[in-house]
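Okay, protein.pdb is below, PDB, C-alpha atoms:
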```pdb
ATOM      1  CA  MET A   1      17.706 -40.719 -42.625
ATOM      2  CA  SER A   2      16.062 -40.502 -46.028
ATOM      3  CA  GLU A   3      13.281 -43.077 -45.516
ATOM      4  CA  LYS A   4      10.467 -42.841 -42.996
ATOM      5  CA  THR A   5      11.032 -45.129 -40.022
ATOM      6  CA  ARG A   6       8.047 -46.993 -38.631
ATOM      7  CA  VAL A   7       7.986 -46.959 -34.821
ATOM      8  CA  ASP A   8       5.521 -49.151 -32.946
ATOM      9  CA  PHE A   9       5.620 -48.419 -29.234
ATOM     10  CA  TRP A  10       4.021 -50.490 -26.445
ATOM     11  CA  PHE A  11       3.586 -48.863 -23.040
ATOM     12  CA  ASP A  12       1.916 -49.126 -19.671
ATOM     13  CA  PRO A  13       1.103 -45.635 -18.313
ATOM     14  CA  ALA A  14       2.238 -46.708 -14.838
ATOM     15  CA  CYS A  15       5.841 -47.353 -15.917
ATOM     16  CA  PRO A  16       8.230 -44.388 -15.544
ATOM     17  CA  PHE A  17      10.787 -46.000 -17.844
ATOM     18  CA  ALA A  18       8.249 -46.353 -20.633
ATOM     19  CA  TRP A  19       7.302 -42.727 -20.057
ATOM     20  CA  ALA A  20      10.917 -41.567 -20.418
ATOM     21  CA  THR A  21      11.409 -43.527 -23.631
ATOM     22  CA  SER A  22       8.095 -42.352 -25.052
ATOM     23  CA  ARG A  23       8.997 -38.698 -24.453
ATOM     24  CA  TRP A  24      12.253 -39.343 -26.297
ATOM     25  CA  VAL A  25      10.237 -40.726 -29.218
ATOM     26  CA  LEU A  26       8.263 -37.469 -29.286
ATOM     27  CA  GLU A  27      11.546 -35.547 -29.434
ATOM     28  CA  VAL A  28      12.675 -37.799 -32.284
ATOM     29  CA  GLU A  29       9.512 -36.901 -34.217
ATOM     30  CA  LYS A  30      10.751 -33.307 -34.332
ATOM     31  CA  VAL A  31      14.096 -34.130 -35.974
ATOM     32  CA  ARG A  32      13.631 -37.386 -37.899
ATOM     33  CA  ASP A  33      11.128 -38.694 -40.448
ATOM     34  CA  VAL A  34       9.215 -41.223 -38.365
ATOM     35  CA  GLU A  35       5.733 -42.684 -38.217
ATOM     36  CA  VAL A  36       4.746 -43.580 -34.653
ATOM     37  CA  ALA A  37       1.954 -45.948 -33.609
ATOM     38  CA  TRP A  38       1.111 -46.140 -29.893
ATOM     39  CA  ASN A  39       0.052 -49.490 -28.428
ATOM     40  CA  VAL A  40      -0.969 -50.660 -24.974
ATOM     41  CA  MET A  41       0.749 -53.370 -22.994
ATOM     42  CA  SER A  42       0.129 -54.154 -19.343
ATOM     43  CA  LEU A  43       2.412 -54.761 -16.402
ATOM     44  CA  ALA A  44      -0.575 -56.375 -14.665
ATOM     45  CA  VAL A  45      -0.981 -58.853 -17.523
ATOM     46  CA  LEU A  46       2.769 -59.426 -17.728
ATOM     47  CA  ASN A  47       2.984 -60.292 -14.020
ATOM     48  CA  ASP A  48      -0.330 -62.120 -13.745
ATOM     49  CA  GLY A  49       0.226 -65.247 -11.666
ATOM     50  CA  ARG A  50       3.889 -64.559 -10.918
ATOM     51  CA  GLU A  51       5.179 -65.468  -7.467
ATOM     52  CA  GLY A  52       7.608 -63.537  -5.292
ATOM     53  CA  LEU A  53       6.423 -60.001  -6.073
ATOM     54  CA  ASN A  54       6.700 -57.603  -3.143
ATOM     55  CA  GLU A  55       3.532 -56.119  -1.680
ATOM     56  CA  THR A  56       4.217 -52.585  -2.897
ATOM     57  CA  TYR A  57       4.549 -53.769  -6.472
ATOM     58  CA  ARG A  58       1.443 -55.937  -6.144
ATOM     59  CA  GLU A  59      -0.514 -52.862  -5.060
ATOM     60  CA  LEU A  60       0.777 -50.947  -8.086
ATOM     61  CA  LEU A  61      -0.227 -53.769 -10.435
ATOM     62  CA  ALA A  62      -3.723 -53.871  -8.954
ATOM     63  CA  LYS A  63      -4.170 -50.165  -9.730
ATOM     64  CA  ALA A  64      -2.464 -50.413 -13.118
ATOM     65  CA  TRP A  65      -5.356 -52.377 -14.643
ATOM     66  CA  GLY A  66      -7.547 -49.279 -14.713
ATOM     67  CA  PRO A  67      -5.707 -46.933 -17.098
ATOM     68  CA  VAL A  68      -4.921 -49.580 -19.718
ATOM     69  CA  ARG A  69      -8.485 -50.853 -19.715
ATOM     70  CA  VAL A  70      -9.786 -47.327 -20.262
ATOM     71  CA  ILE A  71      -7.330 -46.628 -23.093
ATOM     72  CA  ILE A  72      -8.289 -49.841 -24.874
ATOM     73  CA  ALA A  73     -12.004 -49.050 -24.504
ATOM     74  CA  ALA A  74     -11.489 -45.471 -25.672
ATOM     75  CA  ALA A  75      -9.572 -46.638 -28.741
ATOM     76  CA  GLU A  76     -12.293 -49.103 -29.696
ATOM     77  CA  ALA A  77     -14.982 -46.430 -29.382
ATOM     78  CA  HIS A  78     -13.162 -43.355 -30.684
ATOM     79  CA  GLY A  79     -10.258 -44.577 -32.816
ATOM     80  CA  GLU A  80      -6.621 -45.438 -32.258
ATOM     81  CA  GLU A  81      -5.569 -41.783 -32.477
ATOM     82  CA  VAL A  82      -6.751 -41.298 -28.872
ATOM     83  CA  ILE A  83      -4.203 -43.809 -27.514
ATOM     84  CA  GLY A  84      -1.216 -41.479 -27.591
ATOM     85  CA  LYS A  85      -3.284 -38.529 -26.385
ATOM     86  CA  LEU A  86      -4.611 -40.406 -23.359
ATOM     87  CA  TYR A  87      -1.149 -41.765 -22.600
ATOM     88  CA  THR A  88       0.302 -38.263 -22.551
ATOM     89  CA  ALA A  89      -2.498 -36.946 -20.358
ATOM     90  CA  MET A  90      -2.171 -39.823 -17.891
ATOM     91  CA  GLY A  91       1.622 -39.778 -17.906
ATOM     92  CA  GLU A  92       1.812 -36.065 -17.137
ATOM     93  CA  MET A  93      -0.200 -36.662 -13.979
ATOM     94  CA  LEU A  94       1.500 -39.891 -12.924
ATOM     95  CA  HIS A  95       5.112 -38.949 -13.560
ATOM     96  CA  HIS A  96       5.225 -35.156 -13.295
ATOM     97  CA  GLU A  97       2.381 -34.209 -10.964
ATOM     98  CA  LYS A  98       2.884 -37.443  -8.982
ATOM     99  CA  VAL A  99      -0.859 -38.096  -8.698
ATOM    100  CA  THR A 100      -1.337 -41.432  -6.926
ATOM    101  CA  ASP A 101      -5.133 -41.690  -7.184
ATOM    102  CA  TYR A 102      -5.615 -43.615 -10.415
ATOM    103  CA  ASP A 103      -9.320 -42.821 -10.522
ATOM    104  CA  GLU A 104      -8.397 -39.136 -10.610
ATOM    105  CA  VAL A 105      -5.777 -39.791 -13.296
ATOM    106  CA  ILE A 106      -8.329 -41.543 -15.482
ATOM    107  CA  SER A 107     -11.127 -39.013 -15.055
ATOM    108  CA  ARG A 108      -8.885 -36.005 -15.616
ATOM    109  CA  ALA A 109      -7.208 -37.598 -18.637
ATOM    110  CA  LEU A 110     -10.572 -38.286 -20.260
ATOM    111  CA  GLU A 111     -11.583 -34.673 -19.664
ATOM    112  CA  THR A 112      -8.274 -33.375 -21.050
ATOM    113  CA  VAL A 113      -8.623 -35.390 -24.240
ATOM    114  CA  GLY A 114     -12.319 -34.568 -24.579
ATOM    115  CA  LEU A 115     -13.660 -38.085 -24.198
ATOM    116  CA  PRO A 116     -16.847 -39.146 -22.363
ATOM    117  CA  ALA A 117     -16.466 -39.362 -18.593
ATOM    118  CA  GLU A 118     -18.466 -42.606 -18.667
ATOM    119  CA  LEU A 119     -15.418 -44.417 -20.032
ATOM    120  CA  ALA A 120     -13.904 -44.271 -16.543
ATOM    121  CA  ALA A 121     -16.294 -47.027 -15.425
ATOM    122  CA  VAL A 122     -14.393 -49.496 -17.625
ATOM    123  CA  ALA A 123     -11.434 -49.351 -15.219
ATOM    124  CA  SER A 124     -13.155 -51.615 -12.701
ATOM    125  CA  THR A 125     -14.545 -54.146 -15.180
ATOM    126  CA  THR A 126     -13.046 -56.958 -17.246
ATOM    127  CA  ASP A 127     -15.101 -56.106 -20.330
ATOM    128  CA  PHE A 128     -12.082 -55.089 -22.410
ATOM    129  CA  ASP A 129      -9.486 -57.426 -20.921
ATOM    130  CA  ASP A 130      -9.503 -59.735 -23.940
ATOM    131  CA  ALA A 131      -8.716 -56.808 -26.247
ATOM    132  CA  LEU A 132      -6.084 -55.589 -23.776
ATOM    133  CA  ARG A 133      -4.394 -58.988 -23.806
ATOM    134  CA  VAL A 134      -4.414 -59.043 -27.609
ATOM    135  CA  SER A 135      -2.623 -55.676 -27.706
ATOM    136  CA  HIS A 136      -0.209 -56.771 -24.979
ATOM    137  CA  ASP A 137       0.546 -60.111 -26.643
ATOM    138  CA  LYS A 138       1.177 -58.444 -30.002
ATOM    139  CA  GLY A 139       4.084 -56.604 -28.430
ATOM    140  CA  ILE A 140       5.426 -59.148 -25.950
ATOM    141  CA  SER A 141       5.328 -62.006 -28.468
ATOM    142  CA  GLN A 142       7.985 -60.182 -30.489
ATOM    143  CA  VAL A 143      10.483 -59.930 -27.622
ATOM    144  CA  GLY A 144       9.752 -62.731 -25.142
ATOM    145  CA  GLN A 145       8.275 -62.958 -21.659
ATOM    146  CA  ASP A 146      11.425 -62.054 -19.712
ATOM    147  CA  VAL A 147      11.232 -58.309 -20.401
ATOM    148  CA  GLY A 148       8.974 -55.430 -19.402
ATOM    149  CA  THR A 149       7.822 -52.091 -20.718
ATOM    150  CA  PRO A 150       8.508 -50.313 -23.002
ATOM    151  CA  ILE A 151       8.644 -52.415 -26.133
ATOM    152  CA  MET A 152       9.606 -50.652 -29.329
ATOM    153  CA  SER A 153       9.561 -51.974 -32.872
ATOM    154  CA  LEU A 154      11.607 -50.223 -35.559
ATOM    155  CA  ASN A 155      10.608 -51.165 -39.088
ATOM    156  CA  GLY A 156       9.367 -54.513 -37.782
ATOM    157  CA  THR A 157      12.247 -55.408 -35.451
ATOM    158  CA  ALA A 158      11.175 -55.226 -31.813
ATOM    159  CA  PHE A 159      13.079 -55.126 -28.543
ATOM    160  CA  PHE A 160      12.670 -54.104 -24.916
ATOM    161  CA  GLY A 161      13.684 -50.510 -24.327
ATOM    162  CA  PRO A 162      15.733 -48.476 -24.857
ATOM    163  CA  VAL A 163      15.729 -47.870 -21.102
ATOM    164  CA  ILE A 164      16.703 -44.281 -20.317
ATOM    165  CA  THR A 165      16.446 -42.114 -17.215
ATOM    166  CA  ARG A 166      16.688 -38.679 -18.879
ATOM    167  CA  VAL A 167      14.986 -37.485 -22.049
ATOM    168  CA  PRO A 168      17.355 -36.232 -24.753
ATOM    169  CA  ALA A 169      16.159 -33.454 -27.054
ATOM    170  CA  GLY A 170      16.999 -32.024 -30.436
ATOM    171  CA  GLU A 171      19.821 -33.558 -32.420
ATOM    172  CA  GLU A 172      20.953 -35.564 -29.394
ATOM    173  CA  ALA A 173      17.603 -37.363 -29.514
ATOM    174  CA  GLY A 174      17.998 -37.860 -33.249
ATOM    175  CA  LYS A 175      21.502 -39.301 -33.013
ATOM    176  CA  MET A 176      20.449 -41.783 -30.338
ATOM    177  CA  PHE A 177      17.544 -42.819 -32.540
ATOM    178  CA  ASP A 178      19.850 -43.288 -35.537
ATOM    179  CA  ALA A 179      22.030 -45.595 -33.467
ATOM    180  CA  THR A 180      19.015 -47.552 -32.256
ATOM    181  CA  VAL A 181      17.724 -48.014 -35.789
ATOM    182  CA  THR A 182      21.162 -49.221 -36.889
ATOM    183  CA  LEU A 183      21.281 -51.853 -34.128
ATOM    184  CA  ALA A 184      17.723 -52.969 -34.864
ATOM    185  CA  ALA A 185      18.552 -53.404 -38.535
ATOM    186  CA  TYR A 186      21.223 -56.018 -37.770
ATOM    187  CA  PRO A 187      19.362 -59.346 -37.593
ATOM    188  CA  HIS A 188      21.770 -60.929 -35.098
ATOM    189  CA  PHE A 189      21.711 -58.128 -32.509
ATOM    190  CA  PHE A 190      19.817 -59.023 -29.327
ATOM    191  CA  GLU A 191      20.941 -57.201 -26.206
ATOM    192  CA  LEU A 192      22.984 -54.297 -24.859
ATOM    193  CA  LYS A 193      22.743 -53.718 -21.112
ATOM    194  CA  ARG A 194      24.430 -52.348 -18.006
ATOM    195  CA  SER A 195      23.385 -52.000 -14.367
ATOM    196  CA  ARG A 196      21.151 -49.004 -13.769
ATOM    197  CA  ASN A 197      22.052 -46.667 -10.890
ATOM    198  CA  GLU A 198      19.280 -44.060 -11.073
ATOM    199  CA  LYS A 199      15.556 -43.700 -11.578
ATOM    200  CA  PRO A 200      13.946 -41.634 -14.344
ATOM    201  CA  ASP A 201      14.275 -37.901 -13.749
ATOM    202  CA  PHE A 202      11.743 -35.627 -15.430
ATOM    203  CA  SER A 203      12.629 -32.455 -13.541
ATOM    204  CA  ASN A 204      13.846 -30.697 -16.694
ATOM    205  CA  ASN A 205      11.037 -31.914 -18.974
TER     206      ASN A 205
END
```
Would you encode the structure as structure tokens?
Amino acid sequence: MSEKTRVDFWFDPACPFAWATSRWVLEVEKVRDVEVAWNVMSLAVLNDGREGLNETYRELLAKAWGPVRVIIAAAEAHGEEVIGKLYTAMGEMLHHEKVTDYDEVISRALETVGLPAELAAVASTTDFDDALRVSHDKGISQVGQDVGTPIMSLNGTAFFGPVITRVPAGEEAGKMFDATVTLAAYPHFFELKRSRNEKPDFSNN
């Protein structure tokens, strides 16, 4: 593609599907002319007040507040460039190392990125929840409430997904991106979906 493609990506660090798609975006950066902006959304905000959630998922949502609060606070204090760095640091632990202690994930991610350890205290407060909801709403308002994470906007057209379970690399990543941009460019395209029969697999990444 001859023109730079603007990619705005909304994620929750707790979501393995968002992680898979985000790692694909990083592969795309290597082979296509793109400008990526990382943004925070929240599964906890998305599901706030919803009935019928199973207990395991409720427990995940309760823990999921912490990382997104810390990322929002870090971005306000140290600039938006730390968002993607913190996401990568947290995601490596959550989805590759399988760390389940979110306090450990937060503290180690802050250390990895070189940010003050004191930011970890934000995880258990509501001080930055208004800013978190603004970031979340900026993404979800473009696609509707009946979707999840990730949300990706390509040159201003946003949609949920793409949902992938393996991370393509090289030209394969580029070709899939080209196809996604083409679909997004058609103003009357809304949905392409099939039943999913596997979870994300990061064993080769």
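Closest approach to Asp8 (chain A) among A:Gly139, A:Gly161, A:Pro168, A:Gly144 is made by A:Gly139 (distances from only C-alpha atoms).
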Using the chain letters and residue numbers of this document, give as a tab-separated table (two decimals) with C-alpha atoms, in the frame of the given file the residues selected by the PyMOL selection byres ((chain A and resi 146) around 12).
```
chain	number	residue	atom	x	y	z
A	46	LEU	CA	2.77	-59.43	-17.73
A	47	ASN	CA	2.98	-60.29	-14.02
A	50	ARG	CA	3.89	-64.56	-10.92
A	140	ILE	CA	5.43	-59.15	-25.95
A	141	SER	CA	5.33	-62.01	-28.47
A	142	GLN	CA	7.98	-60.18	-30.49
A	143	VAL	CA	10.48	-59.93	-27.62
A	144	GLY	CA	9.75	-62.73	-25.14
A	145	GLN	CA	8.28	-62.96	-21.66
A	147	VAL	CA	11.23	-58.31	-20.40
A	148	GLY	CA	8.97	-55.43	-19.40
A	149	THR	CA	7.82	-52.09	-20.72
A	151	ILE	CA	8.64	-52.42	-26.13
A	159	PHE	CA	13.08	-55.13	-28.54
A	160	PHE	CA	12.67	-54.10	-24.92
```
Written as a VMD selection string, which residues does the PyMOL selection byres ((chain A and resi 178-182) around 12) give for the file shown? chain A and resid 1 to 7 25 28 31 to 34 152 to 163 171 to 177 183 to 192
I need the residue set behind the PyMOL selection byres ((chain A and resi 97-110) around 9) for this file; please write it as a PyMOL selection string. chain A and resi 63-64+66-67+70+85-96+111-120+123
At a cut-off of 8 Å around the point (19.7, -48.0, -14.7) (file coordinates), what residues fall inside when counting only C-alpha atoms? I'd like the answer as a ChimeraX atom specification. /A:163-165,194-199
Could those residues be written to a file, using C-alpha atoms, as a CSV table (one decimal), in the frame of the given file?
```csv
chain,number,residue,atom,x,y,z
A,163,VAL,CA,15.7,-47.9,-21.1
A,164,ILE,CA,16.7,-44.3,-20.3
A,165,THR,CA,16.4,-42.1,-17.2
A,194,ARG,CA,24.4,-52.3,-18.0
A,195,SER,CA,23.4,-52.0,-14.4
A,196,ARG,CA,21.2,-49.0,-13.8
A,197,ASN,CA,22.1,-46.7,-10.9
A,198,GLU,CA,19.3,-44.1,-11.1
A,199,LYS,CA,15.6,-43.7,-11.6
```
Expressed in Å, the length from CA of Val134 (chain A) to CA of Glu29 (chain A) is 27.0 Å
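Here CA of Arg133 (chain A) and CA of Arg69 (chain A) stand 10.0 Å from one another.
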